[in-house]
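Reading through the structure tokens given below for one structure.
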Amino acid sequence: AYVSDAGTPAVSDPGAVLVSEAAAAGYKVVPIPGPSSALAALSVAGDTAGAGFRFVGFLPAKGGERRSALAAALADAATQVLFEAPHRITALAAELAVAAPARCVTLARELTKQFETIVTVPAADLPRWLAEDDNRQRGEFVLVLHALPAVPAAAEALSPATLQALRVLLRELPLKQAVALAAEITGAPRNALYQRALADRGAAESGGAEAPA
């Protein structure tokens, strides 16, 4: 029997190695469901744009590998589930605040335990929330990076020339002013331009490429 004291066996722990070796030796491996912190966090995240999720688990500890893994997670528009240790949670919050300030994050601490804490905030607010109480930096953490909103069909239908005009204006002007001028110049619907500008900005803040034309 293999029992884990930190959630479902073989999820971000060495259990998969034991399962593989047992199966190779001819033993039948039978699962007995236990608590899953990833699914528990997803169930209370309220991620309305999500459709499925990608399980990331713990990011690598080394600097370069860690930055690459986090960038890959943020570039993915789908819901991402991360684990983090207490001695690295403030660093991860700071990285998220810089790389994707507008992305919505649900932080779940000590799930199903006495001091369970769940909060959903923009990534930009996460460092401040953790700093307000040292106890918030203790325990086991699951972070749900909410999915990026889908680009509405009307915004997808904008012509390449219209999108280029919008992007040039967005580089120089606040969003609402850029959208208003783009609508006046191109004749495209203001609402479609606004939705596309929001989607492009969200993708850029999360480390991804611009949405396709």
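Going through the structure tokens in order, the chains are called A, B, and so on, while each chain numbers its residues from 1 and the ligands are numbered from 1 in the order shown.
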At most 12 Å is the cut-off: for each residue in range 48-163 of chain A with any atom that close to an atom of range 175-186 of chain A, write down the nearest atom pair and the distance in Å rounded to one decimal, counting only C-alpha atoms, chain first then increasing number, as a tab-separated table.
```
residue	atom	partner	partner_atom	distance
A:Leu158	CA	A:Thr186	CA	10.0
A:Ser159	CA	A:Thr186	CA	9.6
A:Pro160	CA	A:Thr186	CA	11.1
A:Ala161	CA	A:Thr186	CA	8.5
A:Thr162	CA	A:Thr186	CA	6.1
A:Leu163	CA	A:Ala182	CA	8.8
```
Would you export the selected residues with all heavy atoms as a compact mmCIF listing (two decimals), in the first residue's frame, please?
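Done, and the output landed in selection_31.txt:
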```txt
# COMPACT_ATOMS: atom_id res chain seq x y z
N LEU A 158 -12.48 41.07 -37.37
CA LEU A 158 -11.89 42.34 -37.78
C LEU A 158 -10.79 42.11 -38.81
O LEU A 158 -10.03 41.15 -38.72
CB LEU A 158 -11.32 43.06 -36.55
CG LEU A 158 -12.34 43.49 -35.49
CD1 LEU A 158 -11.65 43.99 -34.25
CD2 LEU A 158 -13.30 44.53 -36.05
N SER A 159 -10.72 43.01 -39.78
CA SER A 159 -9.74 42.85 -40.86
C SER A 159 -8.32 43.08 -40.35
O SER A 159 -8.11 43.77 -39.34
CB SER A 159 -10.03 43.85 -41.98
OG SER A 159 -9.70 45.17 -41.55
N PRO A 160 -7.32 42.52 -41.04
CA PRO A 160 -5.92 42.74 -40.63
C PRO A 160 -5.55 44.22 -40.57
O PRO A 160 -4.82 44.64 -39.67
CB PRO A 160 -5.13 42.02 -41.73
CG PRO A 160 -6.05 40.94 -42.20
CD PRO A 160 -7.42 41.55 -42.14
N ALA A 161 -6.07 45.02 -41.51
CA ALA A 161 -5.76 46.45 -41.51
C ALA A 161 -6.35 47.14 -40.27
O ALA A 161 -5.70 48.00 -39.66
CB ALA A 161 -6.30 47.10 -42.78
N THR A 162 -7.56 46.74 -39.90
CA THR A 162 -8.19 47.31 -38.71
C THR A 162 -7.42 46.93 -37.46
O THR A 162 -7.19 47.76 -36.57
CB THR A 162 -9.64 46.83 -38.61
OG1 THR A 162 -10.38 47.30 -39.74
CG2 THR A 162 -10.30 47.33 -37.33
N LEU A 163 -7.00 45.66 -37.37
CA LEU A 163 -6.25 45.20 -36.21
C LEU A 163 -4.91 45.93 -36.09
O LEU A 163 -4.48 46.28 -35.00
CB LEU A 163 -6.01 43.69 -36.30
CG LEU A 163 -7.25 42.82 -36.12
CD1 LEU A 163 -6.92 41.36 -36.40
CD2 LEU A 163 -7.81 42.97 -34.71
```
Residues of range 65-123 of chain A at most 9 Å from range 21-42 of chain A: nearest atom pair and distance in Å, only C-alpha atoms, as CSV:
```
residue,atom,partner,partner_atom,distance
A:Val81,CA,A:Ala38,CA,6.6
A:Leu82,CA,A:Ala38,CA,8.1
A:Phe83,CA,A:Ala38,CA,8.4
A:Thr106,CA,A:Ala41,CA,7.8
A:Leu107,CA,A:Ala41,CA,8.0
A:Ala108,CA,A:Ala41,CA,6.2
A:Leu111,CA,A:Ser37,CA,6.7
A:Thr112,CA,A:Ser37,CA,8.6
A:Ile118,CA,A:Ala41,CA,8.4
```
Next, write the just-selected residues to a file, as a tab-separated table (two decimals), in the first residue's frame, keeping N, CA and C atoms as the atom set.
```
chain	number	residue	atom	x	y	z
A	81	VAL	N	-3.05	25.01	-13.16
A	81	VAL	CA	-3.03	24.68	-11.73
A	81	VAL	C	-1.59	24.46	-11.28
A	82	LEU	N	-1.15	25.29	-10.34
A	82	LEU	CA	0.22	25.23	-9.83
A	82	LEU	C	0.21	24.87	-8.35
A	83	PHE	N	1.28	24.20	-7.91
A	83	PHE	CA	1.54	24.00	-6.49
A	83	PHE	C	2.72	24.88	-6.10
A	106	THR	N	-6.68	32.34	-8.25
A	106	THR	CA	-7.24	31.84	-7.00
A	106	THR	C	-6.12	31.17	-6.22
A	107	LEU	N	-5.86	31.65	-5.01
A	107	LEU	CA	-4.87	31.04	-4.13
A	107	LEU	C	-5.61	30.28	-3.04
A	108	ALA	N	-5.31	28.99	-2.93
A	108	ALA	CA	-5.93	28.14	-1.91
A	108	ALA	C	-4.83	27.63	-0.99
A	111	LEU	N	-5.89	23.57	2.12
A	111	LEU	CA	-7.22	23.08	1.77
A	111	LEU	C	-7.65	21.92	2.67
A	112	THR	N	-8.88	21.95	3.09
A	112	THR	CA	-9.55	20.95	3.94
A	112	THR	C	-8.98	20.88	5.35
A	118	ILE	N	-8.95	30.75	1.14
A	118	ILE	CA	-9.13	30.81	-0.31
A	118	ILE	C	-9.41	32.25	-0.70
```
Can you list, as a PDB file with all heavy atoms, in the first residue's frame, all residues belonging to range 105-144 of chain A that DSSP tags as strand (DSSP E)?
```pdb
ATOM      1  N   VAL A 105      -6.242  35.130 -10.330  1.00  0.00           N
ATOM      2  CA  VAL A 105      -5.599  34.004  -9.650  1.00  0.00           C
ATOM      3  C   VAL A 105      -6.406  33.636  -8.409  1.00  0.00           C
ATOM      4  O   VAL A 105      -6.777  34.509  -7.625  1.00  0.00           O
ATOM      5  CB  VAL A 105      -4.158  34.357  -9.225  1.00  0.00           C
ATOM      6  CG1 VAL A 105      -3.513  33.179  -8.498  1.00  0.00           C
ATOM      7  CG2 VAL A 105      -3.316  34.747 -10.433  1.00  0.00           C
ATOM      8  N   THR A 106      -6.681  32.344  -8.250  1.00  0.00           N
ATOM      9  CA  THR A 106      -7.245  31.843  -6.996  1.00  0.00           C
ATOM     10  C   THR A 106      -6.123  31.169  -6.222  1.00  0.00           C
ATOM     11  O   THR A 106      -5.478  30.244  -6.723  1.00  0.00           O
ATOM     12  CB  THR A 106      -8.378  30.841  -7.245  1.00  0.00           C
ATOM     13  OG1 THR A 106      -9.470  31.518  -7.873  1.00  0.00           O
ATOM     14  CG2 THR A 106      -8.868  30.233  -5.935  1.00  0.00           C
ATOM     15  N   LEU A 107      -5.860  31.653  -5.014  1.00  0.00           N
ATOM     16  CA  LEU A 107      -4.873  31.040  -4.133  1.00  0.00           C
ATOM     17  C   LEU A 107      -5.615  30.282  -3.039  1.00  0.00           C
ATOM     18  O   LEU A 107      -6.455  30.854  -2.341  1.00  0.00           O
ATOM     19  CB  LEU A 107      -3.954  32.091  -3.522  1.00  0.00           C
ATOM     20  CG  LEU A 107      -2.849  31.569  -2.588  1.00  0.00           C
ATOM     21  CD1 LEU A 107      -1.595  32.415  -2.705  1.00  0.00           C
ATOM     22  CD2 LEU A 107      -3.336  31.571  -1.125  1.00  0.00           C
ATOM     23  N   ALA A 108      -5.312  28.986  -2.933  1.00  0.00           N
ATOM     24  CA  ALA A 108      -5.932  28.144  -1.912  1.00  0.00           C
ATOM     25  C   ALA A 108      -4.833  27.633  -0.988  1.00  0.00           C
ATOM     26  O   ALA A 108      -3.876  27.001  -1.440  1.00  0.00           O
ATOM     27  CB  ALA A 108      -6.672  26.979  -2.556  1.00  0.00           C
ATOM     28  N   ARG A 109      -4.968  27.926   0.294  1.00  0.00           N
ATOM     29  CA  ARG A 109      -3.956  27.558   1.289  1.00  0.00           C
ATOM     30  C   ARG A 109      -4.548  26.574   2.300  1.00  0.00           C
ATOM     31  O   ARG A 109      -5.656  26.764   2.788  1.00  0.00           O
ATOM     32  CB  ARG A 109      -3.477  28.823   2.016  1.00  0.00           C
ATOM     33  CG  ARG A 109      -2.371  28.607   3.038  1.00  0.00           C
ATOM     34  CD  ARG A 109      -1.997  29.924   3.710  1.00  0.00           C
ATOM     35  NE  ARG A 109      -2.972  30.313   4.709  1.00  0.00           N
ATOM     36  CZ  ARG A 109      -2.904  29.981   6.001  1.00  0.00           C
ATOM     37  NH1 ARG A 109      -1.893  29.254   6.450  1.00  0.00           N
ATOM     38  NH2 ARG A 109      -3.838  30.379   6.848  1.00  0.00           N
ATOM     39  N   THR A 117      -7.666  28.726   3.675  1.00  0.00           N
ATOM     40  CA  THR A 117      -7.880  30.097   3.213  1.00  0.00           C
ATOM     41  C   THR A 117      -7.949  30.089   1.699  1.00  0.00           C
ATOM     42  O   THR A 117      -7.097  29.496   1.037  1.00  0.00           O
ATOM     43  CB  THR A 117      -6.730  31.019   3.651  1.00  0.00           C
ATOM     44  OG1 THR A 117      -6.523  30.892   5.053  1.00  0.00           O
ATOM     45  CG2 THR A 117      -7.034  32.466   3.320  1.00  0.00           C
ATOM     46  N   ILE A 118      -8.952  30.751   1.135  1.00  0.00           N
ATOM     47  CA  ILE A 118      -9.128  30.810  -0.313  1.00  0.00           C
ATOM     48  C   ILE A 118      -9.410  32.253  -0.702  1.00  0.00           C
ATOM     49  O   ILE A 118     -10.285  32.900  -0.117  1.00  0.00           O
ATOM     50  CB  ILE A 118     -10.285  29.906  -0.777  1.00  0.00           C
ATOM     51  CG1 ILE A 118     -10.005  28.445  -0.404  1.00  0.00           C
ATOM     52  CG2 ILE A 118     -10.488  30.028  -2.287  1.00  0.00           C
ATOM     53  CD1 ILE A 118     -11.215  27.548  -0.502  1.00  0.00           C
ATOM     54  N   VAL A 119      -8.656  32.755  -1.670  1.00  0.00           N
ATOM     55  CA  VAL A 119      -8.870  34.122  -2.133  1.00  0.00           C
ATOM     56  C   VAL A 119      -8.687  34.165  -3.643  1.00  0.00           C
ATOM     57  O   VAL A 119      -7.840  33.458  -4.197  1.00  0.00           O
ATOM     58  CB  VAL A 119      -7.885  35.111  -1.447  1.00  0.00           C
ATOM     59  CG1 VAL A 119      -6.445  34.775  -1.794  1.00  0.00           C
ATOM     60  CG2 VAL A 119      -8.203  36.552  -1.815  1.00  0.00           C
ATOM     61  N   THR A 120      -9.503  34.969  -4.315  1.00  0.00           N
ATOM     62  CA  THR A 120      -9.384  35.160  -5.757  1.00  0.00           C
ATOM     63  C   THR A 120      -9.177  36.641  -6.031  1.00  0.00           C
ATOM     64  O   THR A 120     -10.023  37.469  -5.671  1.00  0.00           O
ATOM     65  CB  THR A 120     -10.644  34.662  -6.488  1.00  0.00           C
ATOM     66  OG1 THR A 120     -10.798  33.253  -6.246  1.00  0.00           O
ATOM     67  CG2 THR A 120     -10.534  34.900  -7.989  1.00  0.00           C
ATOM     68  N   VAL A 121      -8.042  36.971  -6.636  1.00  0.00           N
ATOM     69  CA  VAL A 121      -7.674  38.367  -6.887  1.00  0.00           C
ATOM     70  C   VAL A 121      -6.904  38.456  -8.208  1.00  0.00           C
ATOM     71  O   VAL A 121      -6.390  37.449  -8.699  1.00  0.00           O
ATOM     72  CB  VAL A 121      -6.784  38.935  -5.755  1.00  0.00           C
ATOM     73  CG1 VAL A 121      -7.540  38.999  -4.440  1.00  0.00           C
ATOM     74  CG2 VAL A 121      -5.507  38.097  -5.606  1.00  0.00           C
ATOM     75  N   PRO A 122      -6.795  39.664  -8.787  1.00  0.00           N
ATOM     76  CA  PRO A 122      -5.858  39.840  -9.892  1.00  0.00           C
ATOM     77  C   PRO A 122      -4.433  39.580  -9.392  1.00  0.00           C
ATOM     78  O   PRO A 122      -4.112  39.870  -8.229  1.00  0.00           O
ATOM     79  CB  PRO A 122      -6.035  41.309 -10.292  1.00  0.00           C
ATOM     80  CG  PRO A 122      -7.356  41.700  -9.735  1.00  0.00           C
ATOM     81  CD  PRO A 122      -7.548  40.897  -8.493  1.00  0.00           C
ATOM     82  N   PHE A 141       0.190  25.335  -0.746  1.00  0.00           N
ATOM     83  CA  PHE A 141      -0.518  26.248  -1.631  1.00  0.00           C
ATOM     84  C   PHE A 141      -0.869  25.595  -2.973  1.00  0.00           C
ATOM     85  O   PHE A 141      -0.055  24.877  -3.558  1.00  0.00           O
ATOM     86  CB  PHE A 141       0.335  27.489  -1.911  1.00  0.00           C
ATOM     87  CG  PHE A 141       0.581  28.346  -0.707  1.00  0.00           C
ATOM     88  CD1 PHE A 141       1.667  28.090   0.124  1.00  0.00           C
ATOM     89  CD2 PHE A 141      -0.276  29.383  -0.384  1.00  0.00           C
ATOM     90  CE1 PHE A 141       1.903  28.870   1.247  1.00  0.00           C
ATOM     91  CE2 PHE A 141      -0.045  30.162   0.745  1.00  0.00           C
ATOM     92  CZ  PHE A 141       1.041  29.909   1.551  1.00  0.00           C
ATOM     93  N   VAL A 142      -2.079  25.886  -3.424  1.00  0.00           N
ATOM     94  CA  VAL A 142      -2.497  25.589  -4.793  1.00  0.00           C
ATOM     95  C   VAL A 142      -2.920  26.917  -5.410  1.00  0.00           C
ATOM     96  O   VAL A 142      -3.663  27.682  -4.798  1.00  0.00           O
ATOM     97  CB  VAL A 142      -3.683  24.613  -4.842  1.00  0.00           C
ATOM     98  CG1 VAL A 142      -4.023  24.278  -6.293  1.00  0.00           C
ATOM     99  CG2 VAL A 142      -3.364  23.338  -4.071  1.00  0.00           C
ATOM    100  N   LEU A 143      -2.419  27.189  -6.613  1.00  0.00           N
ATOM    101  CA  LEU A 143      -2.804  28.408  -7.320  1.00  0.00           C
ATOM    102  C   LEU A 143      -3.488  28.034  -8.625  1.00  0.00           C
ATOM    103  O   LEU A 143      -2.962  27.218  -9.397  1.00  0.00           O
ATOM    104  CB  LEU A 143      -1.596  29.303  -7.614  1.00  0.00           C
ATOM    105  CG  LEU A 143      -0.934  29.950  -6.398  1.00  0.00           C
ATOM    106  CD1 LEU A 143       0.184  29.058  -5.894  1.00  0.00           C
ATOM    107  CD2 LEU A 143      -0.390  31.323  -6.746  1.00  0.00           C
ATOM    108  N   VAL A 144      -4.633  28.623  -8.860  1.00  0.00           N
ATOM    109  CA  VAL A 144      -5.349  28.441 -10.126  1.00  0.00           C
ATOM    110  C   VAL A 144      -5.224  29.737 -10.921  1.00  0.00           C
ATOM    111  O   VAL A 144      -5.736  30.784 -10.500  1.00  0.00           O
ATOM    112  CB  VAL A 144      -6.832  28.110  -9.884  1.00  0.00           C
ATOM    113  CG1 VAL A 144      -7.562  27.977 -11.222  1.00  0.00           C
ATOM    114  CG2 VAL A 144      -6.971  26.828  -9.061  1.00  0.00           C
TER     115      VAL A 144
END
```
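CA of Ala45 in chain A sits 16.2 Å away from CA of Asp125 in chain A.
With distances restricted to only C-alpha atoms, A:Leu145 is the closest residue to Phe55 in chain A from A:Ala102, A:Ala199, A:Leu145, A:Ala91.
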Give me every helix (DSSP H, G or I) residue in range 25-189 of chain A, going by DSSP on the backbone, as a PDB file with C-alpha atoms, in the first residue's frame.
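Here's the written file states_12.pdb:
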```pdb
ATOM      1  CA  SER A  37      -6.016  19.617  -3.813  1.00  0.00           C
ATOM      2  CA  ALA A  38      -5.992  20.494  -7.525  1.00  0.00           C
ATOM      3  CA  LEU A  39      -9.631  19.546  -8.024  1.00  0.00           C
ATOM      4  CA  ALA A  40     -10.636  21.072  -4.694  1.00  0.00           C
ATOM      5  CA  ALA A  41      -9.081  24.404  -5.701  1.00  0.00           C
ATOM      6  CA  LEU A  42     -10.679  24.304  -9.150  1.00  0.00           C
ATOM      7  CA  SER A  43     -14.093  23.699  -7.606  1.00  0.00           C
ATOM      8  CA  VAL A  44     -13.992  27.010  -5.702  1.00  0.00           C
ATOM      9  CA  ALA A  45     -12.070  29.145  -8.231  1.00  0.00           C
ATOM     10  CA  GLY A  63      16.093  30.182 -11.913  1.00  0.00           C
ATOM     11  CA  GLY A  64      16.245  29.675 -15.672  1.00  0.00           C
ATOM     12  CA  GLU A  65      14.094  26.551 -15.725  1.00  0.00           C
ATOM     13  CA  ARG A  66      11.623  28.166 -13.352  1.00  0.00           C
ATOM     14  CA  ARG A  67      11.250  31.294 -15.490  1.00  0.00           C
ATOM     15  CA  SER A  68      10.741  29.218 -18.625  1.00  0.00           C
ATOM     16  CA  ALA A  69       8.115  27.008 -16.991  1.00  0.00           C
ATOM     17  CA  LEU A  70       6.220  29.995 -15.605  1.00  0.00           C
ATOM     18  CA  ALA A  71       6.339  31.780 -18.966  1.00  0.00           C
ATOM     19  CA  ALA A  72       4.928  28.670 -20.660  1.00  0.00           C
ATOM     20  CA  ALA A  73       2.086  28.491 -18.129  1.00  0.00           C
ATOM     21  CA  LEU A  74       1.219  32.162 -18.586  1.00  0.00           C
ATOM     22  CA  ALA A  75       1.367  31.930 -22.373  1.00  0.00           C
ATOM     23  CA  PRO A  86       5.634  28.200   1.655  1.00  0.00           C
ATOM     24  CA  HIS A  87       9.256  29.375   1.333  1.00  0.00           C
ATOM     25  CA  ARG A  88       8.675  30.282  -2.340  1.00  0.00           C
ATOM     26  CA  ILE A  89       5.110  31.578  -2.326  1.00  0.00           C
ATOM     27  CA  THR A  90       6.005  35.275  -1.988  1.00  0.00           C
ATOM     28  CA  ALA A  91       8.518  35.004  -4.833  1.00  0.00           C
ATOM     29  CA  LEU A  92       5.936  33.337  -7.079  1.00  0.00           C
ATOM     30  CA  ALA A  93       3.359  35.993  -6.229  1.00  0.00           C
ATOM     31  CA  ALA A  94       5.845  38.731  -7.142  1.00  0.00           C
ATOM     32  CA  GLU A  95       6.664  37.004 -10.444  1.00  0.00           C
ATOM     33  CA  LEU A  96       2.978  36.681 -11.339  1.00  0.00           C
ATOM     34  CA  ALA A  97       2.291  40.313 -10.414  1.00  0.00           C
ATOM     35  CA  VAL A  98       4.964  41.500 -12.846  1.00  0.00           C
ATOM     36  CA  ALA A  99       4.395  39.013 -15.677  1.00  0.00           C
ATOM     37  CA  ALA A 123      -2.212  38.720  -9.842  1.00  0.00           C
ATOM     38  CA  ALA A 124      -1.164  42.333  -9.243  1.00  0.00           C
ATOM     39  CA  ASP A 125      -2.840  42.218  -5.799  1.00  0.00           C
ATOM     40  CA  LEU A 126      -1.421  38.876  -4.672  1.00  0.00           C
ATOM     41  CA  PRO A 127       1.868  40.140  -3.101  1.00  0.00           C
ATOM     42  CA  ARG A 128      -0.003  42.734  -1.039  1.00  0.00           C
ATOM     43  CA  TRP A 129      -2.544  40.170   0.160  1.00  0.00           C
ATOM     44  CA  LEU A 130       0.205  37.785   1.304  1.00  0.00           C
ATOM     45  CA  ALA A 131       2.124  40.583   3.041  1.00  0.00           C
ATOM     46  CA  ASP A 134       2.480  36.410   7.889  1.00  0.00           C
ATOM     47  CA  ASN A 135       0.168  33.440   8.502  1.00  0.00           C
ATOM     48  CA  ARG A 136      -0.991  33.700   4.894  1.00  0.00           C
ATOM     49  CA  GLN A 137       2.505  32.641   3.809  1.00  0.00           C
ATOM     50  CA  ALA A 153     -16.568  36.170 -32.876  1.00  0.00           C
ATOM     51  CA  ALA A 154     -17.146  39.784 -33.903  1.00  0.00           C
ATOM     52  CA  ALA A 155     -13.675  40.730 -32.694  1.00  0.00           C
ATOM     53  CA  GLU A 156     -12.144  37.765 -34.510  1.00  0.00           C
ATOM     54  CA  PRO A 160      -5.917  42.742 -40.634  1.00  0.00           C
ATOM     55  CA  ALA A 161      -5.760  46.454 -41.506  1.00  0.00           C
ATOM     56  CA  THR A 162      -8.192  47.310 -38.710  1.00  0.00           C
ATOM     57  CA  LEU A 163      -6.248  45.203 -36.208  1.00  0.00           C
ATOM     58  CA  GLN A 164      -2.987  46.859 -37.201  1.00  0.00           C
ATOM     59  CA  ALA A 165      -4.490  50.333 -36.729  1.00  0.00           C
ATOM     60  CA  LEU A 166      -5.837  49.307 -33.332  1.00  0.00           C
ATOM     61  CA  ARG A 167      -2.481  47.932 -32.186  1.00  0.00           C
ATOM     62  CA  VAL A 168      -0.591  51.036 -33.277  1.00  0.00           C
ATOM     63  CA  LEU A 169      -3.022  53.246 -31.380  1.00  0.00           C
ATOM     64  CA  LEU A 170      -2.863  51.025 -28.296  1.00  0.00           C
ATOM     65  CA  ARG A 171       0.901  51.474 -28.144  1.00  0.00           C
ATOM     66  CA  GLU A 172       0.479  55.238 -27.810  1.00  0.00           C
ATOM     67  CA  LEU A 175      -7.343  51.702 -24.247  1.00  0.00           C
ATOM     68  CA  LYS A 176     -10.652  53.578 -24.471  1.00  0.00           C
ATOM     69  CA  GLN A 177      -9.178  56.434 -26.475  1.00  0.00           C
ATOM     70  CA  ALA A 178      -7.384  54.035 -28.823  1.00  0.00           C
ATOM     71  CA  VAL A 179     -10.614  52.100 -29.415  1.00  0.00           C
ATOM     72  CA  ALA A 180     -12.606  55.268 -30.093  1.00  0.00           C
ATOM     73  CA  LEU A 181     -10.067  56.521 -32.655  1.00  0.00           C
ATOM     74  CA  ALA A 182      -9.773  53.088 -34.286  1.00  0.00           C
ATOM     75  CA  ALA A 183     -13.552  52.961 -34.696  1.00  0.00           C
ATOM     76  CA  GLU A 184     -13.575  56.446 -36.236  1.00  0.00           C
ATOM     77  CA  ILE A 185     -10.681  55.685 -38.606  1.00  0.00           C
ATOM     78  CA  THR A 186     -11.708  52.193 -39.747  1.00  0.00           C
TER      79      THR A 186
END
```
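Going from CA of Arg201 in chain A over to CA of Cys104 in chain A, you cover 13.7 Å.
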